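Undergrad: Sharing work.pdb, PDB, C-alpha atoms:
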ATOM      1  CA  MET D1191     -13.685 -10.236  -1.031
ATOM      2  CA  ALA D1192     -16.269  -7.773  -0.243
ATOM      3  CA  GLY D1193     -13.994  -5.231   1.358
ATOM      4  CA  ILE D1194     -16.518  -2.679   2.534
ATOM      5  CA  LYS D1195     -19.864  -3.394   4.120
ATOM      6  CA  VAL D1196     -21.909  -0.257   4.458
ATOM      7  CA  LYS D1197     -25.451   0.606   5.464
ATOM      8  CA  ALA D1198     -27.125   3.997   5.494
ATOM      9  CA  LYS D1199     -30.472   4.445   7.152
ATOM     10  CA  GLN D1200     -32.654   7.507   7.425
ATOM     11  CA  SER D1201     -34.244   8.311  10.755
ATOM     12  CA  GLY D1202     -35.995  11.647  10.981
ATOM     13  CA  ASP D1203     -33.924  14.247   9.172
ATOM     14  CA  LEU D1204     -30.659  12.461   9.792
ATOM     15  CA  VAL D1205     -28.956   9.555   8.082
ATOM     16  CA  GLU D1206     -26.846   7.124  10.041
ATOM     17  CA  ILE D1207     -24.030   5.440   8.147
ATOM     18  CA  LYS D1208     -22.493   2.274   9.537
ATOM     19  CA  THR D1209     -19.577   0.575   7.889
ATOM     20  CA  LEU D1210     -17.372  -2.437   8.368
ATOM     21  CA  MET D1211     -14.152  -2.729   6.386
ATOM     22  CA  LYS D1212     -12.084  -5.820   5.885
ATOM     23  CA  HIS D1213      -8.500  -4.924   6.777
ATOM     24  CA  PRO D1214      -5.774  -6.477   8.976
ATOM     25  CA  MET D1215      -4.848  -3.123  10.603
ATOM     26  CA  GLU D1216      -1.331  -4.338  11.386
ATOM     27  CA  THR D1217       0.489  -1.907  13.700
ATOM     28  CA  GLY D1218       4.069  -2.648  12.677
ATOM     29  CA  LEU D1219       4.910  -3.369  16.333
ATOM     30  CA  ARG D1220       3.915  -7.030  16.426
ATOM     31  CA  LYS D1221       6.326  -9.867  15.781
ATOM     32  CA  ASP D1222       5.607 -13.179  14.108
ATOM     33  CA  LYS D1223       6.566 -16.570  15.547
ATOM     34  CA  ALA D1224      10.104 -16.285  14.161
ATOM     35  CA  GLY D1225      10.557 -12.980  15.983
ATOM     36  CA  LYS D1226      10.464 -10.970  12.794
ATOM     37  CA  LYS D1227       8.533  -7.709  12.823
ATOM     38  CA  ILE D1228       5.285  -7.765  10.880
ATOM     39  CA  PRO D1229       5.262  -4.607   8.725
ATOM     40  CA  ALA D1230       2.624  -1.961   9.350
ATOM     41  CA  ASN D1231      -0.441  -2.335   7.162
ATOM     42  CA  HIS D1232      -3.351  -0.197   8.194
ATOM     43  CA  ILE D1233      -5.993   2.122   6.794
ATOM     44  CA  THR D1234      -4.889   5.745   6.913
ATOM     45  CA  GLU D1235      -7.822   7.596   5.469
ATOM     46  CA  ILE D1236     -11.529   7.103   4.918
ATOM     47  CA  THR D1237     -13.546   9.493   2.781
ATOM     48  CA  VAL D1238     -17.322   9.738   2.765
ATOM     49  CA  LYS D1239     -18.752  11.538  -0.244
ATOM     50  CA  SER D1240     -22.140  12.371  -1.632
ATOM     51  CA  ALA D1241     -22.745  13.792  -5.094
ATOM     52  CA  GLY D1242     -19.041  14.573  -5.413
ATOM     53  CA  LYS D1243     -18.981  16.536  -2.163
ATOM     54  CA  VAL D1244     -16.859  15.349   0.747
ATOM     55  CA  LEU D1245     -18.946  14.910   3.883
ATOM     56  CA  MET D1246     -16.237  13.573   6.115
ATOM     57  CA  THR D1247     -12.646  12.433   6.072
ATOM     58  CA  ILE D1248     -11.384  10.163   8.794
ATOM     59  CA  GLU D1249      -7.718   9.685   9.629
ATOM     60  CA  TYR D1250      -6.986   6.332  11.181
ATOM     61  CA  GLY D1251      -3.797   5.088  12.781
ATOM     62  CA  PRO D1252      -2.613   1.610  13.689
ATOM     63  CA  ALA D1253      -4.559   1.684  16.977
ATOM     64  CA  ILE D1254      -7.837   1.023  15.211
ATOM     65  CA  SER D1255      -9.097  -2.548  15.618
ATOM     66  CA  LYS D1256      -8.777  -5.150  12.881
ATOM     67  CA  ASN D1257     -11.632  -4.945  10.359
ATOM     68  CA  PRO D1258     -12.570  -1.417  11.423
ATOM     69  CA  TYR D1259     -16.116  -0.498  12.323
ATOM     70  CA  THR D1260     -17.097   3.133  11.885
ATOM     71  CA  SER D1261     -20.355   4.969  12.210
ATOM     72  CA  LEU D1262     -21.306   8.564  11.554
ATOM     73  CA  VAL D1263     -24.424  10.682  11.277
ATOM     74  CA  VAL D1264     -25.098  13.199   8.518
ATOM     75  CA  GLY D1265     -27.855  15.699   7.913
ATOM     76  CA  GLY D1266     -29.330  16.931   4.640
ATOM     77  CA  LYS D1267     -29.602  13.467   3.082
ATOM     78  CA  LYS D1268     -32.669  11.376   2.505
ATOM     79  CA  LYS D1269     -33.902   8.006   1.340
ATOM     80  CA  GLY D1270     -32.709   7.207  -2.174
ATOM     81  CA  ASP D1271     -29.559   9.371  -2.035
ATOM     82  CA  THR D1272     -26.311   7.662  -2.952
ATOM     83  CA  LEU D1273     -23.251   7.920  -0.737
ATOM     84  CA  ASN D1274     -19.741   6.800  -1.539
ATOM     85  CA  ILE D1275     -17.255   5.570   1.008
ATOM     86  CA  SER D1276     -13.626   4.732   0.319
ATOM     87  CA  TRP D1277     -10.412   3.934   2.161
ATOM     88  CA  VAL D1278      -6.703   4.203   1.458
ATOM     89  CA  ASP D1279      -4.063   2.317   3.449
ATOM     90  CA  ASN D1280      -0.398   2.992   4.166
ATOM     91  CA  THR D1281       0.685   0.571   1.425
ATOM     92  CA  GLY D1282      -1.275   2.537  -1.189
ATOM     93  CA  LYS D1283      -4.129   0.063  -1.573
ATOM     94  CA  SER D1284      -7.634   1.442  -1.718
ATOM     95  CA  GLU D1285     -11.227   0.383  -2.012
ATOM     96  CA  SER D1286     -14.517   2.139  -2.572
ATOM     97  CA  ALA D1287     -18.224   1.319  -2.261
ATOM     98  CA  ASP D1288     -21.525   3.021  -2.981
ATOM     99  CA  VAL D1289     -24.582   2.815  -0.764
ATOM    100  CA  VAL D1290     -28.147   4.002  -1.268
ATOM    101  CA  VAL D1291     -29.831   5.506   1.790
ATOM    102  CA  LYS D1292     -32.701   3.337   3.033
TER     103      LYS D1292
ATOM    104  CA  MET E1470      47.588  15.498  -3.156
ATOM    105  CA  GLN E1471      46.111  17.579  -5.937
ATOM    106  CA  THR E1472      44.276  14.678  -7.505
ATOM    107  CA  ILE E1473      42.728  13.533  -4.253
ATOM    108  CA  ASP E1474      41.402  17.014  -3.684
ATOM    109  CA  ASN E1475      39.848  17.053  -7.138
ATOM    110  CA  ASP E1476      38.205  13.739  -6.518
ATOM    111  CA  ARG E1477      36.769  15.026  -3.315
ATOM    112  CA  ARG E1478      35.347  18.026  -5.120
ATOM    113  CA  THR E1479      33.632  15.928  -7.772
ATOM    114  CA  LEU E1480      32.286  13.698  -5.052
ATOM    115  CA  LEU E1481      30.874  16.681  -3.200
ATOM    116  CA  LYS E1482      29.341  18.034  -6.391
ATOM    117  CA  GLY E1483      27.854  14.647  -7.113
ATOM    118  CA  SER E1484      26.256  14.362  -3.716
ATOM    119  CA  ALA E1485      24.847  17.876  -3.963
ATOM    120  CA  VAL E1486      23.131  16.887  -7.195
ATOM    121  CA  ALA E1487      21.843  13.707  -5.606
ATOM    122  CA  LEU E1488      20.480  15.702  -2.695
ATOM    123  CA  ALA E1489      18.686  18.106  -5.014
ATOM    124  CA  LEU E1490      17.181  15.174  -6.879
ATOM    125  CA  GLY E1491      16.116  13.670  -3.607
ATOM    126  CA  ILE E1492      14.301  16.825  -2.621
ATOM    127  CA  THR E1493      12.426  17.117  -5.906
ATOM    128  CA  GLY E1494      11.524  13.458  -5.557
ATOM    129  CA  VAL E1495       9.885  14.116  -2.215
ATOM    130  CA  ALA E1496       8.117  17.207  -3.522
ATOM    131  CA  GLN E1497       6.678  15.227  -6.407
ATOM    132  CA  LEU E1498       5.504  12.533  -4.047
ATOM    133  CA  LEU E1499       3.684  15.109  -1.932
ATOM    134  CA  ALA E1500       2.129  16.758  -4.949
ATOM    135  CA  SER E1501       0.853  13.533  -6.472
ATOM    136  CA  PRO E1502      -2.886  13.048  -6.110
ATOM    137  CA  LYS E1503      -4.161  10.739  -3.391
ATOM    138  CA  ALA E1504      -0.842  11.114  -1.568
ATOM    139  CA  PHE E1505      -0.768  10.717   2.166
ATOM    140  CA  ALA E1506       0.067  14.382   2.600
ATOM    141  CA  ALA E1507      -3.208  14.970   4.376
ATOM    142  CA  TRP E1508      -2.581  12.179   6.831
ATOM    143  CA  PRO E1509      -0.954  13.719   9.931
ATOM    144  CA  LYS E1510       2.009  11.378  10.007
ATOM    145  CA  ASP E1511       3.786  13.231  12.811
ATOM    146  CA  ALA E1512       0.771  13.110  15.081
ATOM    147  CA  PHE E1513       0.427   9.364  14.553
ATOM    148  CA  ALA E1514       4.154   8.897  15.214
ATOM    149  CA  GLY E1515       4.160  10.881  18.470
ATOM    150  CA  ARG E1516       5.058   8.669  21.417
ATOM    151  CA  SER E1517       3.652  10.807  24.207
ATOM    152  CA  MET E1518       0.595  12.956  24.724
ATOM    153  CA  ASP E1519       2.769  16.103  24.690
ATOM    154  CA  GLU E1520       4.366  15.132  21.388
ATOM    155  CA  VAL E1521       1.004  14.423  19.790
ATOM    156  CA  MET E1522      -0.585  17.624  21.060
ATOM    157  CA  ALA E1523       2.350  19.672  19.757
ATOM    158  CA  THR E1524       1.937  18.263  16.240
ATOM    159  CA  LEU E1525      -1.852  18.534  16.187
ATOM    160  CA  PHE E1526      -2.182  22.148  17.195
ATOM    161  CA  ASP E1527      -0.122  25.264  16.581
ATOM    162  CA  GLY E1528       1.293  26.594  19.796
ATOM    163  CA  ALA E1529       0.274  25.529  23.240
ATOM    164  CA  VAL E1530      -3.321  24.445  23.357
ATOM    165  CA  SER E1531      -4.729  23.342  26.660
ATOM    166  CA  PRO E1532      -8.115  21.831  25.982
ATOM    167  CA  VAL E1533     -10.959  22.839  28.295
ATOM    168  CA  GLU E1534     -12.881  19.983  29.891
ATOM    169  CA  SER E1535     -16.427  20.104  28.605
ATOM    170  CA  GLY E1536     -19.637  18.514  29.805
ATOM    171  CA  ASP E1537     -21.015  18.807  26.272
ATOM    172  CA  ILE E1538     -18.868  15.961  24.989
ATOM    173  CA  PHE E1539     -20.301  12.515  25.517
ATOM    174  CA  LEU E1540     -17.501  10.003  25.361
ATOM    175  CA  LYS E1541     -18.843   6.483  25.526
ATOM    176  CA  ALA E1542     -16.359   3.737  26.354
ATOM    177  CA  PRO E1543     -16.590   0.620  28.521
ATOM    178  CA  ASP E1544     -15.413   0.810  32.170
ATOM    179  CA  ILE E1545     -13.658  -2.490  31.715
ATOM    180  CA  ALA E1546     -12.533  -3.823  28.346
ATOM    181  CA  GLU E1547     -12.048  -7.560  28.532
ATOM    182  CA  ASN E1548     -10.365  -7.584  25.152
ATOM    183  CA  GLY E1549      -8.035  -4.676  24.468
ATOM    184  CA  ALA E1550      -7.984  -5.540  20.766
ATOM    185  CA  VAL E1551     -11.543  -4.325  20.302
ATOM    186  CA  VAL E1552     -12.724  -1.458  22.488
ATOM    187  CA  PRO E1553     -15.853   0.317  21.248
ATOM    188  CA  ILE E1554     -15.621   4.095  21.525
ATOM    189  CA  SER E1555     -18.181   6.673  20.558
ATOM    190  CA  VAL E1556     -18.029  10.437  20.772
ATOM    191  CA  GLU E1557     -21.016  12.719  20.583
ATOM    192  CA  SER E1558     -21.115  16.431  21.236
ATOM    193  CA  SER E1559     -23.697  19.174  21.427
ATOM    194  CA  LEU E1560     -21.045  21.884  20.952
ATOM    195  CA  PRO E1561     -21.663  24.207  17.982
ATOM    196  CA  ASN E1562     -19.756  24.054  14.652
ATOM    197  CA  VAL E1563     -17.679  20.991  15.375
ATOM    198  CA  LYS E1564     -14.921  20.723  12.788
ATOM    199  CA  ARG E1565     -12.849  17.901  14.137
ATOM    200  CA  ILE E1566     -13.078  15.055  16.635
ATOM    201  CA  ILE E1567      -9.881  13.377  17.792
ATOM    202  CA  ILE E1568      -9.521  10.203  19.824
ATOM    203  CA  LEU E1569      -6.374   9.662  21.884
ATOM    204  CA  VAL E1570      -5.294   6.813  24.139
ATOM    205  CA  GLU E1571      -2.867   8.198  26.706
ATOM    206  CA  ASP E1572      -0.873   5.046  27.475
ATOM    207  CA  ASN E1573      -0.780   3.408  24.030
ATOM    208  CA  PRO E1574       2.684   3.234  22.362
ATOM    209  CA  THR E1575       1.422   5.985  20.036
ATOM    210  CA  PRO E1576      -1.509   7.855  21.637
ATOM    211  CA  MET E1577      -2.962   9.259  18.396
ATOM    212  CA  THR E1578      -5.788   6.944  17.396
ATOM    213  CA  ALA E1579      -8.248   8.624  15.060
ATOM    214  CA  ALA E1580      -9.321  11.996  13.721
ATOM    215  CA  PHE E1581     -12.697  12.716  12.164
ATOM    216  CA  ASN E1582     -12.916  15.829   9.976
ATOM    217  CA  LEU E1583     -16.518  16.889   9.748
ATOM    218  CA  GLY E1584     -17.868  18.531   6.630
ATOM    219  CA  GLU E1585     -20.961  20.660   6.425
ATOM    220  CA  GLY E1586     -24.139  19.072   7.747
ATOM    221  CA  VAL E1587     -22.326  16.246   9.506
ATOM    222  CA  LYS E1588     -23.359  15.659  13.107
ATOM    223  CA  ALA E1589     -20.778  15.374  15.874
ATOM    224  CA  ASP E1590     -21.643  11.748  16.476
ATOM    225  CA  VAL E1591     -19.074   9.117  15.551
ATOM    226  CA  SER E1592     -18.092   5.677  16.736
ATOM    227  CA  THR E1593     -15.260   3.287  16.068
ATOM    228  CA  ARG E1594     -13.423   0.386  17.653
ATOM    229  CA  ILE E1595      -9.890   0.799  18.934
ATOM    230  CA  LYS E1596      -6.960  -1.207  20.294
ATOM    231  CA  MET E1597      -5.620  -0.598  23.787
ATOM    232  CA  GLY E1598      -2.349  -2.050  25.070
ATOM    233  CA  LYS E1599      -3.194  -1.560  28.721
ATOM    234  CA  THR E1600      -5.432   0.315  31.140
ATOM    235  CA  SER E1601      -5.435   3.969  30.150
ATOM    236  CA  ASN E1602      -7.342   7.192  29.844
ATOM    237  CA  VAL E1603      -9.180   7.604  26.569
ATOM    238  CA  ILE E1604      -9.399  11.251  25.554
ATOM    239  CA  ALA E1605     -11.789  12.821  23.086
ATOM    240  CA  LEU E1606     -10.867  16.247  21.735
ATOM    241  CA  VAL E1607     -13.518  18.298  20.001
ATOM    242  CA  GLU E1608     -12.704  21.386  17.951
ATOM    243  CA  SER E1609     -15.658  23.713  18.087
ATOM    244  CA  ASP E1610     -15.709  27.355  16.933
ATOM    245  CA  GLY E1611     -11.922  27.440  16.978
ATOM    246  CA  ASN E1612     -11.616  26.192  20.559
ATOM    247  CA  VAL E1613     -10.532  22.770  21.713
ATOM    248  CA  TYR E1614     -12.558  20.902  24.309
ATOM    249  CA  ALA E1615     -11.817  17.588  25.937
ATOM    250  CA  ALA E1616     -13.463  14.704  27.717
ATOM    251  CA  ARG E1617     -11.686  11.732  29.244
ATOM    252  CA  LYS E1618     -12.575   8.337  30.587
ATOM    253  CA  ASN E1619     -10.479   5.647  32.192
ATOM    254  CA  VAL E1620     -10.817   2.227  30.591
ATOM    255  CA  LYS E1621      -9.505  -0.831  32.424
ATOM    256  CA  VAL E1622      -8.025  -3.402  30.096
ATOM    257  CA  THR E1623      -7.752  -7.007  31.244
ATOM    258  CA  ILE E1624      -6.084  -8.434  28.131
ATOM    259  CA  GLY E1625      -3.965  -6.054  26.068
ATOM    260  CA  GLY E1626      -4.608  -5.711  22.373
ATOM    261  CA  CYS E1627      -1.179  -4.855  21.038
ATOM    262  CA  GLY E1628       0.879  -7.961  21.810
ATOM    263  CA  GLY E1629       1.433 -10.860  19.453
TER     264      GLY E1629
END
Represent the structure from my file as structure tokens, please.
TA:
Amino acid sequence: MAGIKVKAKQSGDLVEIKTLMKHPMETGLRKDKAGKKIPANHITEITVKSAGKVLMTIEYGPAISKNPYTSLVVGGKKKGDTLNISWVDNTGKSESADVVVK
Amino acid sequence: MQTIDNDRRTLLKGSAVALALGITGVAQLLASPKAFAAWPKDAFAGRSMDEVMATLFDGAVSPVESGDIFLKAPDIAENGAVVPISVESSLPNVKRIIILVEDNPTPMTAAFNLGEGVKADVSTRIKMGKTSNVIALVESDGNVYAARKNVKVTIGGCGG
């Protein structure tokens, strides 16, 4: 599955990054049909990097919607630059994707 | 009687060793790369606004309401499972943006740590259990500012 969908677009001197991640974002509070608790399974941290430098870290909790959408705006980047975005969840799984600014 | 006492002593010694091992185990876990040490577990576990605020900031911080924070959220959210929220601010040197939902089981929702050159302009989608105030905290120049907005939820997003 393509876990991370990400787009980065330059407008003026800023670059807007929009991303959609495939993740159940289970809170740990819900119960299944048998009344058993569904264990928590959610993204805890997102890191946005460029040329090895961290631009932003995001801490997410279980109250973020399923398949999280996130957008942010960065300066000092331009068309052709490569950005890297990655997530880690509370079970230790992680995923990463590169995007070239358009 | 003597033997029982000896047994007890060995048992105590044994548990002390186990405890020490346990502690080193935790320390190693925290030191390992990509650990969740950076993730503010306590803040996300806090069950009330007071609890969350106490874990997020040292000492008593009472955020100042600011007109320079633009918190965008719907007046009415038909589906509490997906509520679009965006926070923008014209305050200088914004280091951190935090989103809280007052009446969620755990109010702490998201924290954005801004690096150099990143604009205070973020959006996400959150879950809301019921009608509540959504609060955006912005850390700027060492001060904490806040903006709030009430969002009416018609169908909660936390139930099964």
Undergrad: Can you work out which residues from chain D touch chain E at a cut-off of 9 Å (counting all atoms listed in the file) and hand them back as a VMD selection string?
TA: chain D and resid 1204 1217 1219 to 1223 1234 to 1235 1244 to 1256 1258 to 1266 1278 1280 1282
Undergrad: Can you spit out the residues from that selection as an mmCIF file, keeping the file's coordinate frame, using C-alpha atoms?
TA:
data_model
loop_
_atom_site.group_PDB
_atom_site.id
_atom_site.type_symbol
_atom_site.label_atom_id
_atom_site.label_comp_id
_atom_site.auth_asym_id
_atom_site.auth_seq_id
_atom_site.Cartn_x
_atom_site.Cartn_y
_atom_site.Cartn_z
ATOM 1 C CA LEU D 1204 -30.659 12.461 9.792
ATOM 2 C CA THR D 1217 0.489 -1.907 13.700
ATOM 3 C CA LEU D 1219 4.910 -3.369 16.333
ATOM 4 C CA ARG D 1220 3.915 -7.030 16.426
ATOM 5 C CA LYS D 1221 6.326 -9.867 15.781
ATOM 6 C CA ASP D 1222 5.607 -13.179 14.108
ATOM 7 C CA LYS D 1223 6.566 -16.570 15.547
ATOM 8 C CA THR D 1234 -4.889 5.745 6.913
ATOM 9 C CA GLU D 1235 -7.822 7.596 5.469
ATOM 10 C CA VAL D 1244 -16.859 15.349 0.747
ATOM 11 C CA LEU D 1245 -18.946 14.910 3.883
ATOM 12 C CA MET D 1246 -16.237 13.573 6.115
ATOM 13 C CA THR D 1247 -12.646 12.433 6.072
ATOM 14 C CA ILE D 1248 -11.384 10.163 8.794
ATOM 15 C CA GLU D 1249 -7.718 9.685 9.629
ATOM 16 C CA TYR D 1250 -6.986 6.332 11.181
ATOM 17 C CA GLY D 1251 -3.797 5.088 12.781
ATOM 18 C CA PRO D 1252 -2.613 1.610 13.689
ATOM 19 C CA ALA D 1253 -4.559 1.684 16.977
ATOM 20 C CA ILE D 1254 -7.837 1.023 15.211
ATOM 21 C CA SER D 1255 -9.097 -2.548 15.618
ATOM 22 C CA LYS D 1256 -8.777 -5.150 12.881
ATOM 23 C CA PRO D 1258 -12.570 -1.417 11.423
ATOM 24 C CA TYR D 1259 -16.116 -0.498 12.323
ATOM 25 C CA THR D 1260 -17.097 3.133 11.885
ATOM 26 C CA SER D 1261 -20.355 4.969 12.210
ATOM 27 C CA LEU D 1262 -21.306 8.564 11.554
ATOM 28 C CA VAL D 1263 -24.424 10.682 11.277
ATOM 29 C CA VAL D 1264 -25.098 13.199 8.518
ATOM 30 C CA GLY D 1265 -27.855 15.699 7.913
ATOM 31 C CA GLY D 1266 -29.330 16.931 4.640
ATOM 32 C CA VAL D 1278 -6.703 4.203 1.458
ATOM 33 C CA ASN D 1280 -0.398 2.992 4.166
ATOM 34 C CA GLY D 1282 -1.275 2.537 -1.189
#
Undergrad: Could you check which of E:Phe1539, E:Val1620, E:Glu1547, E:Glu1571 is closest to Val1607 (chain E), using all atoms listed in the file?
TA: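 Nearest candidate to Val1607 (chain E) out of E:Phe1539, E:Val1620, E:Glu1547, E:Glu1571: E:Phe1539.
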Undergrad: Specify as a list in words each residue included when the PyMOL selection byres ((chain D and resi 1198) around 7) is applied to this file.
TA: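 Output from the PyMOL selection byres ((chain D and resi 1198) around 7), applied to this file: Val1196, Lys1197, Lys1199, Gln1200, Val1205, Glu1206, Ile1207, Lys1208, Val1289, Val1290, Val1291 and Lys1292 of chain D.
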Undergrad: One number please: CA of Val1622 (chain E) to CA of Ile1228 (chain D), in Å, one decimal.
TA: 23.8 Å
Undergrad: Take the PyMOL selection byres ((chain E and resi 1610) around 10), apply it to the structure above, and return the hits as a ChimeraX atom specification.
TA: /E:1560-1564,1607-1609,1611-1613
Undergrad: Name the closest residue to Gly1270 (chain D) among the candidates D:Asp1288, D:Lys1227, D:Lys1195, D:Leu1210; distances are taken between atoms, counting all atoms listed in the file.
TA: D:Asp1288
Undergrad: Apply the PyMOL selection byres ((chain E and resi 1520-1532) around 6) to the displayed file and report the matching residues as a list in words.
TA: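 The output of the PyMOL selection byres ((chain E and resi 1520-1532) around 6) on this file is Ala1512, Gly1515, Ser1517, Met1518, Asp1519, Val1533, Val1613, Tyr1614 and Ala1615 of chain E.
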Undergrad: Work out how far CA of Ala1616 (chain E) is from CA of Gly1218 (chain D), in Å to one decimal.
TA: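 If I compute the distance from CA of Gly1218 (chain D) to CA of Ala1616 (chain E), I get 28.9 Å.
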Undergrad: Please report the interatomic distance between CA of Lys1212 (chain D) and CA of Asn1257 (chain D) in Å with one decimal.
TA: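 Taking CA of Lys1212 (chain D) and CA of Asn1257 (chain D), their separation equals 4.6 Å.
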Undergrad: May I ask which of the residues E:Arg1617, E:Thr1623, E:Ser1559, E:Asp1511 is the closest one to Ala1605 (chain E), counting all atoms listed in the file?
TA: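 Closest residue, counting all atoms listed in the file: E:Arg1617.
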Undergrad: Given the choices D:Ile1233, D:Pro1214, D:Lys1239, D:Asp1203, which gets closest to Ser1284 (chain D) if the distance is worked out from all atoms listed in the file?
TA: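 Checking each candidate against Ser1284 (chain D), we get D:Ile1233 as the closest.
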